[in-house]
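Have a look at input.tsv below; it lists TSV, C-alpha atoms.
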```tsv
chain	number	residue	atom	x	y	z
S	1263	MET	CA	-9.97	30.61	-25.12
S	1264	ARG	CA	-6.67	32.12	-26.22
S	1265	ARG	CA	-5.38	32.01	-22.69
S	1266	LEU	CA	-6.45	28.38	-22.33
S	1267	LEU	CA	-4.48	27.48	-25.45
S	1268	THR	CA	-1.39	29.22	-24.12
S	1269	ILE	CA	-1.68	27.33	-20.84
S	1270	ALA	CA	-2.09	24.04	-22.71
S	1271	ALA	CA	0.95	24.76	-24.87
S	1272	ALA	CA	3.04	25.65	-21.82
S	1273	ALA	CA	1.92	22.47	-20.05
S	1274	THR	CA	2.95	20.34	-23.04
S	1275	LEU	CA	6.35	22.03	-23.13
S	1276	VAL	CA	6.90	21.40	-19.43
S	1277	ALA	CA	5.73	17.78	-19.63
S	1278	SER	CA	7.60	16.78	-22.79
S	1279	PRO	CA	11.11	16.35	-21.34
S	1280	LEU	CA	9.61	13.97	-18.78
S	1281	ALA	CA	8.01	11.72	-21.36
S	1282	PRO	CA	10.99	9.60	-22.51
S	1283	LEU	CA	12.23	8.82	-18.99
S	1284	PHE	CA	11.44	5.14	-19.33
S	1285	ALA	CA	13.10	4.50	-22.65
S	1286	ASP	CA	13.64	0.98	-23.87
S	1287	SER	CA	16.88	-0.59	-25.00
S	1288	LEU	CA	17.66	-1.42	-28.61
S	1289	MET	CA	18.27	-5.07	-27.84
S	1290	PRO	CA	15.84	-7.77	-28.98
S	1291	ALA	CA	13.91	-9.69	-26.31
S	1292	ALA	CA	15.61	-12.68	-24.69
S	1293	ARG	CA	14.87	-16.02	-26.34
S	1294	TYR	CA	12.51	-17.36	-23.70
S	1295	ALA	CA	10.79	-14.04	-23.04
S	1296	ASN	CA	8.13	-14.81	-25.64
S	1297	GLU	CA	8.95	-18.35	-26.72
S	1298	GLN	CA	7.33	-21.30	-25.01
S	1299	LEU	CA	9.24	-24.24	-23.60
S	1300	ALA	CA	9.21	-27.38	-25.74
S	1301	ASP	CA	7.86	-29.53	-22.91
S	1302	PRO	CA	4.17	-28.60	-22.39
S	1303	ARG	CA	4.24	-29.70	-18.74
S	1304	GLN	CA	7.19	-27.41	-17.99
S	1305	GLU	CA	5.59	-24.56	-19.95
S	1306	ARG	CA	2.42	-24.95	-17.84
S	1307	GLN	CA	4.48	-24.71	-14.66
S	1308	ALA	CA	6.38	-21.67	-15.95
S	1309	LYS	CA	3.17	-19.92	-17.08
S	1310	ALA	CA	1.47	-20.53	-13.73
S	1311	LEU	CA	4.45	-19.03	-11.91
S	1312	MET	CA	4.71	-16.03	-14.27
S	1313	GLU	CA	1.06	-15.20	-13.66
S	1314	THR	CA	1.75	-14.79	-9.94
S	1315	ILE	CA	4.98	-12.78	-10.15
S	1316	ARG	CA	4.56	-9.04	-10.14
S	1317	CYS	CA	6.26	-6.85	-12.74
S	1318	LEU	CA	8.65	-4.32	-11.18
S	1319	VAL	CA	8.09	-1.76	-13.92
S	1320	CYS	CA	4.31	-1.93	-14.50
S	1321	GLN	CA	3.60	-2.61	-10.87
S	1322	GLY	CA	-0.03	-3.70	-11.13
S	1323	GLN	CA	0.64	-6.32	-13.80
S	1324	SER	CA	2.05	-9.80	-13.63
S	1325	ILE	CA	5.16	-10.47	-15.66
S	1326	ALA	CA	3.02	-12.72	-17.88
S	1327	ASP	CA	0.91	-9.70	-18.87
S	1328	SER	CA	3.55	-6.97	-18.97
S	1329	ASP	CA	5.31	-5.74	-22.09
S	1330	ALA	CA	8.15	-4.17	-20.08
S	1331	GLU	CA	11.60	-5.35	-21.12
S	1332	MET	CA	12.45	-6.34	-17.57
S	1333	ALA	CA	9.32	-8.49	-17.37
S	1334	GLY	CA	10.49	-10.23	-20.57
S	1335	ASP	CA	13.87	-10.89	-18.98
S	1336	MET	CA	12.15	-12.26	-15.87
S	1337	ARG	CA	10.01	-14.59	-18.01
S	1338	ALA	CA	13.17	-15.78	-19.76
S	1339	LEU	CA	14.83	-16.36	-16.39
S	1340	ILE	CA	11.86	-18.38	-15.13
S	1341	ARG	CA	11.59	-20.50	-18.29
S	1342	THR	CA	15.34	-21.19	-18.35
S	1343	ARG	CA	15.32	-22.31	-14.72
S	1344	ILE	CA	12.21	-24.47	-15.10
S	1345	GLU	CA	13.81	-26.06	-18.16
S	1346	ALA	CA	16.87	-26.81	-16.05
S	1347	GLY	CA	14.59	-28.69	-13.65
S	1348	GLU	CA	14.14	-26.13	-10.87
S	1349	LYS	CA	10.85	-26.19	-8.92
S	1350	PRO	CA	8.55	-23.14	-9.42
S	1351	GLU	CA	8.29	-22.51	-5.68
S	1352	ALA	CA	12.09	-22.46	-5.39
S	1353	ILE	CA	12.22	-19.75	-8.07
S	1354	ARG	CA	9.49	-17.78	-6.28
S	1355	ALA	CA	11.48	-18.03	-3.03
S	1356	TRP	CA	14.61	-16.85	-4.86
S	1357	LEU	CA	12.75	-13.79	-6.18
S	1358	ILE	CA	11.18	-13.03	-2.79
S	1359	GLU	CA	14.66	-13.17	-1.24
S	1360	ARG	CA	15.59	-10.28	-3.56
S	1361	TYR	CA	12.45	-8.20	-3.90
S	1362	GLY	CA	10.45	-9.15	-0.82
S	1363	ASP	CA	6.90	-10.56	-0.59
S	1364	TRP	CA	5.82	-7.64	-2.77
S	1365	VAL	CA	7.01	-9.43	-5.93
S	1366	SER	CA	4.61	-12.35	-5.44
S	1367	PHE	CA	0.85	-12.08	-6.02
S	1368	THR	CA	0.24	-14.97	-3.61
S	1369	PRO	CA	0.94	-13.58	-0.15
S	1370	PRO	CA	2.40	-16.03	2.39
S	1371	LEU	CA	0.54	-16.81	5.62
S	1372	ASP	CA	2.43	-15.00	8.38
S	1373	ARG	CA	2.06	-12.65	11.34
S	1374	LEU	CA	1.06	-9.75	9.10
S	1375	THR	CA	-1.18	-11.48	6.56
S	1376	TRP	CA	-3.25	-13.93	8.63
S	1377	PRO	CA	-6.38	-11.71	8.60
S	1378	LEU	CA	-6.42	-12.06	4.79
S	1379	TYR	CA	-6.97	-15.77	5.15
S	1380	LEU	CA	-8.93	-15.91	8.40
S	1381	LEU	CA	-11.39	-13.01	7.99
S	1382	PRO	CA	-13.33	-14.42	4.99
S	1383	ALA	CA	-14.00	-17.63	6.94
S	1384	LEU	CA	-14.98	-15.55	9.97
S	1385	PHE	CA	-17.41	-13.40	7.95
S	1386	LEU	CA	-18.92	-16.47	6.31
S	1387	GLY	CA	-19.49	-18.03	9.74
S	1388	LEU	CA	-21.04	-14.78	10.99
S	1389	GLY	CA	-23.37	-14.69	7.97
S	1390	ILE	CA	-24.51	-18.26	8.48
S	1391	TRP	CA	-25.13	-17.58	12.17
S	1392	ILE	CA	-27.23	-14.44	11.52
S	1393	THR	CA	-29.23	-16.08	8.69
S	1394	SER	CA	-29.97	-19.24	10.63
S	1395	GLY	CA	-31.12	-17.14	13.62
S	1396	ARG	CA	-33.49	-15.15	11.41
S	1397	LEU	CA	-34.84	-18.23	9.68
S	1398	LYS	CA	-35.53	-19.90	13.02
S	1399	ARG	CA	-37.36	-16.82	14.30
S	1400	ARG	CA	-39.45	-16.66	11.12
S	1401	ARG	CA	-40.44	-20.32	11.42
S	1402	LYS	CA	-41.57	-19.73	15.01
S	1403	SER	CA	-43.81	-16.78	14.17
D	306	MET	CA	-31.48	6.18	15.99
D	307	ARG	CA	-33.20	4.11	13.31
D	308	LYS	CA	-33.50	7.19	11.09
D	309	LEU	CA	-29.80	7.86	11.32
D	310	LEU	CA	-28.96	4.21	10.73
D	311	ILE	CA	-30.74	4.31	7.38
D	312	TRP	CA	-28.03	6.61	6.07
D	313	LEU	CA	-25.23	4.27	7.10
D	314	PRO	CA	-25.07	2.20	3.87
D	315	LEU	CA	-24.94	5.38	1.76
D	316	ALA	CA	-22.22	6.81	3.99
D	317	MET	CA	-20.21	3.60	3.68
D	318	PHE	CA	-20.67	3.60	-0.09
D	319	LEU	CA	-19.48	7.22	-0.34
D	320	ALA	CA	-16.45	6.49	1.86
D	321	PHE	CA	-15.60	3.55	-0.41
D	322	MET	CA	-15.98	5.72	-3.52
D	323	VAL	CA	-13.58	8.32	-2.06
D	324	VAL	CA	-10.94	5.60	-1.50
D	325	PHE	CA	-11.62	4.19	-4.98
D	326	ALA	CA	-11.37	7.59	-6.72
D	327	GLY	CA	-8.21	8.39	-4.77
D	328	GLY	CA	-6.60	5.20	-6.06
D	329	LEU	CA	-7.62	6.01	-9.62
D	330	ILE	CA	-6.46	9.63	-9.55
D	331	SER	CA	-3.07	8.97	-7.96
D	332	PRO	CA	-2.24	5.27	-8.32
D	333	GLU	CA	0.29	3.87	-5.92
D	334	SER	CA	3.70	3.53	-7.48
D	335	LYS	CA	6.51	2.76	-5.15
D	336	THR	CA	10.18	2.00	-5.33
D	337	ILE	CA	11.03	-1.53	-4.34
D	338	PRO	CA	14.23	-1.62	-2.29
D	339	SER	CA	16.46	-4.66	-2.67
D	340	LYS	CA	16.30	-7.12	0.21
D	341	LEU	CA	19.98	-7.90	-0.33
D	342	VAL	CA	21.16	-4.78	1.52
D	343	GLY	CA	23.22	-6.13	4.42
D	344	LYS	CA	23.84	-9.40	2.61
D	345	PRO	CA	26.71	-10.56	0.39
D	346	MET	CA	26.83	-9.66	-3.28
D	347	PRO	CA	25.38	-12.54	-5.34
D	348	GLN	CA	27.85	-14.62	-7.34
D	349	PHE	CA	28.15	-13.56	-10.95
D	350	ALA	CA	30.62	-13.24	-13.80
D	351	LEU	CA	29.80	-10.86	-16.63
D	352	PRO	CA	31.73	-10.52	-19.90
D	353	ALA	CA	33.17	-7.15	-20.89
D	354	GLY	CA	30.44	-4.75	-21.97
D	355	ILE	CA	32.82	-2.85	-24.23
D	356	ALA	CA	36.14	-3.67	-25.91
D	357	GLY	CA	39.23	-2.42	-24.09
D	358	LYS	CA	37.73	-2.61	-20.62
D	359	PRO	CA	37.56	-5.66	-18.34
D	360	GLY	CA	34.29	-7.38	-17.54
D	361	LEU	CA	33.05	-7.77	-13.99
D	362	SER	CA	32.75	-10.69	-11.61
D	363	SER	CA	31.65	-10.84	-7.98
D	364	ALA	CA	35.03	-12.34	-7.00
D	365	GLU	CA	36.87	-9.18	-8.12
D	366	LEU	CA	34.54	-7.03	-6.04
D	367	ALA	CA	35.53	-8.56	-2.67
D	368	ASN	CA	38.92	-6.86	-2.98
D	369	GLY	CA	39.23	-5.31	0.46
D	370	GLN	CA	38.06	-1.80	-0.32
D	371	PRO	CA	34.58	-0.30	-0.55
D	372	HIS	CA	33.28	0.64	-3.96
D	373	LEU	CA	30.23	1.59	-5.98
D	374	VAL	CA	28.47	-0.77	-8.35
D	375	ASN	CA	26.49	1.35	-10.78
D	376	ILE	CA	23.67	-0.23	-12.77
D	377	PHE	CA	23.25	1.83	-15.92
D	378	ALA	CA	22.52	1.69	-19.65
D	379	SER	CA	23.27	3.80	-22.72
D	380	TRP	CA	19.53	3.97	-23.44
D	381	CYS	CA	18.71	5.28	-19.95
D	382	ILE	CA	18.09	9.02	-19.78
D	383	PRO	CA	18.50	9.62	-16.02
D	384	CYS	CA	21.92	7.93	-16.41
D	385	ILE	CA	23.05	11.01	-18.36
D	386	GLN	CA	21.85	13.17	-15.51
D	387	GLU	CA	23.98	11.34	-12.94
D	388	ALA	CA	27.14	11.17	-15.10
D	389	PRO	CA	28.71	14.40	-13.70
D	390	GLN	CA	28.20	13.12	-10.14
D	391	LEU	CA	29.81	9.77	-11.00
D	392	ALA	CA	32.74	11.65	-12.56
D	393	GLN	CA	33.08	13.68	-9.39
D	394	LEU	CA	33.10	10.51	-7.25
D	395	ALA	CA	35.65	8.82	-9.53
D	396	GLN	CA	37.85	11.90	-9.30
D	397	ALA	CA	37.69	11.66	-5.52
D	398	GLY	CA	39.20	8.18	-5.85
D	399	VAL	CA	36.05	6.09	-5.42
D	400	PRO	CA	36.30	2.84	-7.39
D	401	ILE	CA	33.20	2.63	-9.61
D	402	TYR	CA	32.25	-0.55	-11.40
D	403	GLY	CA	29.51	-0.55	-14.02
D	404	ILE	CA	26.91	-3.10	-14.98
D	405	ALA	CA	25.42	-2.19	-18.35
D	406	ILE	CA	21.88	-3.50	-18.79
D	407	ARG	CA	20.74	-4.75	-22.22
D	408	ASP	CA	23.42	-2.82	-24.03
D	409	ARG	CA	25.45	-3.08	-27.23
D	410	PRO	CA	29.17	-2.23	-27.29
D	411	GLU	CA	28.76	0.42	-29.99
D	412	ASP	CA	25.97	2.23	-28.08
D	413	LEU	CA	27.96	1.97	-24.87
D	414	GLY	CA	31.03	3.46	-26.59
D	415	ARG	CA	28.99	6.41	-27.83
D	416	PHE	CA	27.42	6.92	-24.39
D	417	LEU	CA	30.80	6.94	-22.61
D	418	ALA	CA	32.34	9.27	-25.21
D	419	ARG	CA	29.51	11.74	-24.69
D	420	ASN	CA	29.00	11.55	-20.93
D	421	GLY	CA	32.41	10.54	-19.59
D	422	ASP	CA	33.71	7.19	-18.37
D	423	PRO	CA	34.09	6.85	-14.58
D	424	TYR	CA	34.19	3.03	-14.66
D	425	ARG	CA	37.12	0.74	-13.78
D	426	ALA	CA	35.33	-2.16	-15.41
D	427	ILE	CA	32.00	-2.67	-17.14
D	428	GLY	CA	30.14	-5.95	-17.17
D	429	GLY	CA	27.60	-6.41	-19.94
D	430	ASP	CA	24.32	-7.77	-18.52
D	431	VAL	CA	22.55	-8.55	-21.77
D	432	ASN	CA	19.53	-10.32	-20.26
D	433	SER	CA	19.26	-8.39	-16.96
D	434	SER	CA	20.16	-11.56	-15.04
D	435	VAL	CA	22.59	-9.89	-12.63
D	436	GLN	CA	20.20	-6.97	-12.19
D	437	ILE	CA	17.46	-9.38	-11.11
D	438	ALA	CA	19.89	-11.33	-8.91
D	439	LEU	CA	20.70	-8.04	-7.16
D	440	GLY	CA	17.07	-7.22	-6.49
D	441	SER	CA	17.35	-4.08	-8.60
D	442	SER	CA	14.22	-2.90	-10.38
D	443	GLY	CA	15.49	-0.36	-12.90
D	444	VAL	CA	18.22	1.91	-14.19
D	445	PRO	CA	20.02	3.77	-12.79
D	446	GLU	CA	20.70	2.22	-9.42
D	447	THR	CA	23.87	2.26	-7.37
D	448	PHE	CA	25.01	-0.18	-4.71
D	449	ILE	CA	27.65	0.52	-2.08
D	450	VAL	CA	29.59	-2.69	-1.48
D	451	ASP	CA	32.17	-3.00	1.30
D	452	GLY	CA	35.57	-4.70	1.06
D	453	LYS	CA	34.18	-8.07	2.07
D	454	GLY	CA	31.62	-7.96	-0.70
D	455	ILE	CA	28.65	-7.11	1.56
D	456	ILE	CA	26.05	-4.74	0.07
D	457	ARG	CA	25.78	-1.80	2.46
D	458	ARG	CA	23.37	0.51	0.70
D	459	GLN	CA	21.24	0.85	-2.40
D	460	HIS	CA	20.60	4.17	-4.11
D	461	ILE	CA	17.55	4.00	-6.40
D	462	GLY	CA	17.41	6.48	-9.29
D	463	ALA	CA	19.94	9.00	-10.54
D	464	ILE	CA	22.64	10.31	-8.18
D	465	ASN	CA	21.96	14.03	-7.86
D	466	PRO	CA	24.54	16.57	-6.64
D	467	GLU	CA	22.93	16.62	-3.19
D	468	ASP	CA	23.34	12.82	-2.89
D	469	VAL	CA	27.13	12.88	-3.24
D	470	PRO	CA	28.06	13.77	0.40
D	471	GLY	CA	25.77	11.01	1.73
D	472	LEU	CA	27.33	8.44	-0.60
D	473	MET	CA	30.84	9.57	0.37
D	474	SER	CA	30.12	9.17	4.08
D	475	ALA	CA	28.47	5.77	3.49
D	476	LEU	CA	31.58	4.70	1.57
D	477	ALA	CA	33.80	5.89	4.43
D	478	ALA	CA	31.61	3.93	6.88
D	479	ALA	CA	31.96	0.81	4.73
D	480	LYS	CA	35.77	0.80	5.14
```

Would you kindly transcribe this structure into structure tokens?
Amino acid sequence: MRRLLTIAAAATLVASPLAPLFADSLMPAARYANEQLADPRQERQAKALMETIRCLVCQGQSIADSDAEMAGDMRALIRTRIEAGEKPEAIRAWLIERYGDWVSFTPPLDRLTWPLYLLPALFLGLGIWITSGRLKRRRKS
Amino acid sequence: MRKLLIWLPLAMFLAFMVVFAGGLISPESKTIPSKLVGKPMPQFALPAGIAGKPGLSSAELANGQPHLVNIFASWCIPCIQEAPQLAQLAQAGVPIYGIAIRDRPEDLGRFLARNGDPYRAIGGDVNSSVQIALGSSGVPETFIVDGKGIIRRQHIGAINPEDVPGLMSALAAAK
């Protein structure tokens, strides 16, 4: 037991300098990070886009869900641009130009990703074919 | 054959669980390199991040000689770790330009007083807009930009002593 405690204490000591690596700044969030646009139609567009843009800090989350400061700045950037009249897909393309397809949760249809789109249809067809064959056989017997 | 086949669903389930547990135990976390490497620096103009030092604009960076653009912040801990290496590069004559992310002049002043100031100019990027335009995903990051303003290389994370020779040769190649 004693030894276990010593090991635990040592582990905490080793791990503690690593903890504050991702410190936050002292600046308040940008205006449009958490404030909605006045025009509900534009806000809907912005929200829909934010839900499909991946946060670069909390990589599994969308920027709409993430509390990371950078995600807040990306939300502000999207809202400002939508307010200025830019199309959501143009903003997505601008982000993909910088961070690659990785930044978007809606993968494009290309040479690498076509199985994503084609395979479900293929499997569904296969399922229908097998089921209909079985049903026919059962009716015969 | 039939007898063996009966075990197939269980085997598939176990294989799936191994993949699933692997993902839970060590989740994938990767660095996202900027797609702008090899492309021109995006247009920007940032105000001075601190009094007494000029701000930074993309026009000034296409000045005929290669340089480093260092994305940093006073609140960023690995930035302290790379400060000696930046000082060493500045001493070797490398022009270093800073972009301070989400920073206040007073914090920046304290940071530079403590860790040294290798920067020729510091642009204050209060809302991370230039950082996002550069395809950078955190602090610190360093870009090597050639004299024509083309981004040649991106270094993600702190510059450690062993990274310095590689950066120097990349700078020489960017001439």

Work out how far atom CA of D:Ala463 is from atom CA of D:Gln386, in Å to one decimal. 6.8 Å

Under the rule that only C-alpha atoms are counted, which of S:Ile1315, S:Ile1325, S:Met1332, S:Ala1300 is the nearest residue to chain D?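 For chain D, the nearest of the given residues is S:Met1332.
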
Length of the atom CA of D:Phe448 to atom CA of D:Leu366 vector [Å]: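 Spanning atom CA of D:Phe448 to atom CA of D:Leu366 is a straight-line distance of 11.8 Å.
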
At what distance in Å, to one decimal, does atom CA of D:Leu351 lie from atom CA of D:Gly462?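 Interatomic distance here is 22.5 Å.
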
Test item: chain S residues at most 12 Å from chain D, counting only C-alpha atoms, as a PDB file with C-alpha atoms, keeping the file's coordinate frame:
```
ATOM      1  CA  PRO S1279      11.110  16.350 -21.340  1.00  0.00           C
ATOM      2  CA  LEU S1280       9.610  13.970 -18.780  1.00  0.00           C
ATOM      3  CA  ALA S1281       8.010  11.720 -21.360  1.00  0.00           C
ATOM      4  CA  PRO S1282      10.990   9.600 -22.510  1.00  0.00           C
ATOM      5  CA  LEU S1283      12.230   8.820 -18.990  1.00  0.00           C
ATOM      6  CA  PHE S1284      11.440   5.140 -19.330  1.00  0.00           C
ATOM      7  CA  ALA S1285      13.100   4.500 -22.650  1.00  0.00           C
ATOM      8  CA  ASP S1286      13.640   0.980 -23.870  1.00  0.00           C
ATOM      9  CA  SER S1287      16.880  -0.590 -25.000  1.00  0.00           C
ATOM     10  CA  LEU S1288      17.660  -1.420 -28.610  1.00  0.00           C
ATOM     11  CA  MET S1289      18.270  -5.070 -27.840  1.00  0.00           C
ATOM     12  CA  PRO S1290      15.840  -7.770 -28.980  1.00  0.00           C
ATOM     13  CA  ALA S1291      13.910  -9.690 -26.310  1.00  0.00           C
ATOM     14  CA  ALA S1292      15.610 -12.680 -24.690  1.00  0.00           C
ATOM     15  CA  ARG S1293      14.870 -16.020 -26.340  1.00  0.00           C
ATOM     16  CA  TYR S1294      12.510 -17.360 -23.700  1.00  0.00           C
ATOM     17  CA  ALA S1295      10.790 -14.040 -23.040  1.00  0.00           C
ATOM     18  CA  ARG S1316       4.560  -9.040 -10.140  1.00  0.00           C
ATOM     19  CA  CYS S1317       6.260  -6.850 -12.740  1.00  0.00           C
ATOM     20  CA  LEU S1318       8.650  -4.320 -11.180  1.00  0.00           C
ATOM     21  CA  VAL S1319       8.090  -1.760 -13.920  1.00  0.00           C
ATOM     22  CA  CYS S1320       4.310  -1.930 -14.500  1.00  0.00           C
ATOM     23  CA  GLN S1321       3.600  -2.610 -10.870  1.00  0.00           C
ATOM     24  CA  GLY S1322      -0.030  -3.700 -11.130  1.00  0.00           C
ATOM     25  CA  ALA S1330       8.150  -4.170 -20.080  1.00  0.00           C
ATOM     26  CA  GLU S1331      11.600  -5.350 -21.120  1.00  0.00           C
ATOM     27  CA  MET S1332      12.450  -6.340 -17.570  1.00  0.00           C
ATOM     28  CA  ALA S1333       9.320  -8.490 -17.370  1.00  0.00           C
ATOM     29  CA  GLY S1334      10.490 -10.230 -20.570  1.00  0.00           C
ATOM     30  CA  ASP S1335      13.870 -10.890 -18.980  1.00  0.00           C
ATOM     31  CA  MET S1336      12.150 -12.260 -15.870  1.00  0.00           C
ATOM     32  CA  ARG S1337      10.010 -14.590 -18.010  1.00  0.00           C
ATOM     33  CA  ALA S1338      13.170 -15.780 -19.760  1.00  0.00           C
ATOM     34  CA  LEU S1339      14.830 -16.360 -16.390  1.00  0.00           C
ATOM     35  CA  ILE S1340      11.860 -18.380 -15.130  1.00  0.00           C
ATOM     36  CA  THR S1342      15.340 -21.190 -18.350  1.00  0.00           C
ATOM     37  CA  ARG S1343      15.320 -22.310 -14.720  1.00  0.00           C
ATOM     38  CA  ILE S1353      12.220 -19.750  -8.070  1.00  0.00           C
ATOM     39  CA  TRP S1356      14.610 -16.850  -4.860  1.00  0.00           C
ATOM     40  CA  LEU S1357      12.750 -13.790  -6.180  1.00  0.00           C
ATOM     41  CA  ILE S1358      11.180 -13.030  -2.790  1.00  0.00           C
ATOM     42  CA  GLU S1359      14.660 -13.170  -1.240  1.00  0.00           C
ATOM     43  CA  ARG S1360      15.590 -10.280  -3.560  1.00  0.00           C
ATOM     44  CA  TYR S1361      12.450  -8.200  -3.900  1.00  0.00           C
ATOM     45  CA  GLY S1362      10.450  -9.150  -0.820  1.00  0.00           C
ATOM     46  CA  ASP S1363       6.900 -10.560  -0.590  1.00  0.00           C
ATOM     47  CA  TRP S1364       5.820  -7.640  -2.770  1.00  0.00           C
ATOM     48  CA  VAL S1365       7.010  -9.430  -5.930  1.00  0.00           C
TER      49      VAL S1365
END
```

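Omitting S:Ala1308 and its sequence neighbours fewer than 3 positions away, and counting all atoms listed in the file, the residues within 8 Å are Gln1304, Glu1305, Leu1311, Met1312, Ile1340, Arg1341, Ile1344 and Pro1350 of chain S.
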
Dump of C-alpha atoms for the selected residues, as an mmCIF file, keeping the file's coordinate frame:
```cif
data_model
loop_
_atom_site.group_PDB
_atom_site.id
_atom_site.type_symbol
_atom_site.label_atom_id
_atom_site.label_comp_id
_atom_site.auth_asym_id
_atom_site.auth_seq_id
_atom_site.Cartn_x
_atom_site.Cartn_y
_atom_site.Cartn_z
ATOM 1 C CA GLN S 1304 7.190 -27.410 -17.990
ATOM 2 C CA GLU S 1305 5.590 -24.560 -19.950
ATOM 3 C CA LEU S 1311 4.450 -19.030 -11.910
ATOM 4 C CA MET S 1312 4.710 -16.030 -14.270
ATOM 5 C CA ILE S 1340 11.860 -18.380 -15.130
ATOM 6 C CA ARG S 1341 11.590 -20.500 -18.290
ATOM 7 C CA ILE S 1344 12.210 -24.470 -15.100
ATOM 8 C CA PRO S 1350 8.550 -23.140 -9.420
#
```

Excluding D:Gln396 and its own-chain neighbours fewer than 4 positions away, which residues fall within 9 Å of it when counting all atoms listed in the file? Please give them as a ChimeraX atom specification. /D:391-392,423

For a cutoff of 12 Å around the file-coordinate point (24.3, 9.8, -4.3), which residues qualify once you count all atoms listed in the file? I'd like the result as an MDAnalysis selection string. chainID D and resid 373 375 386:394 445:449 458:476
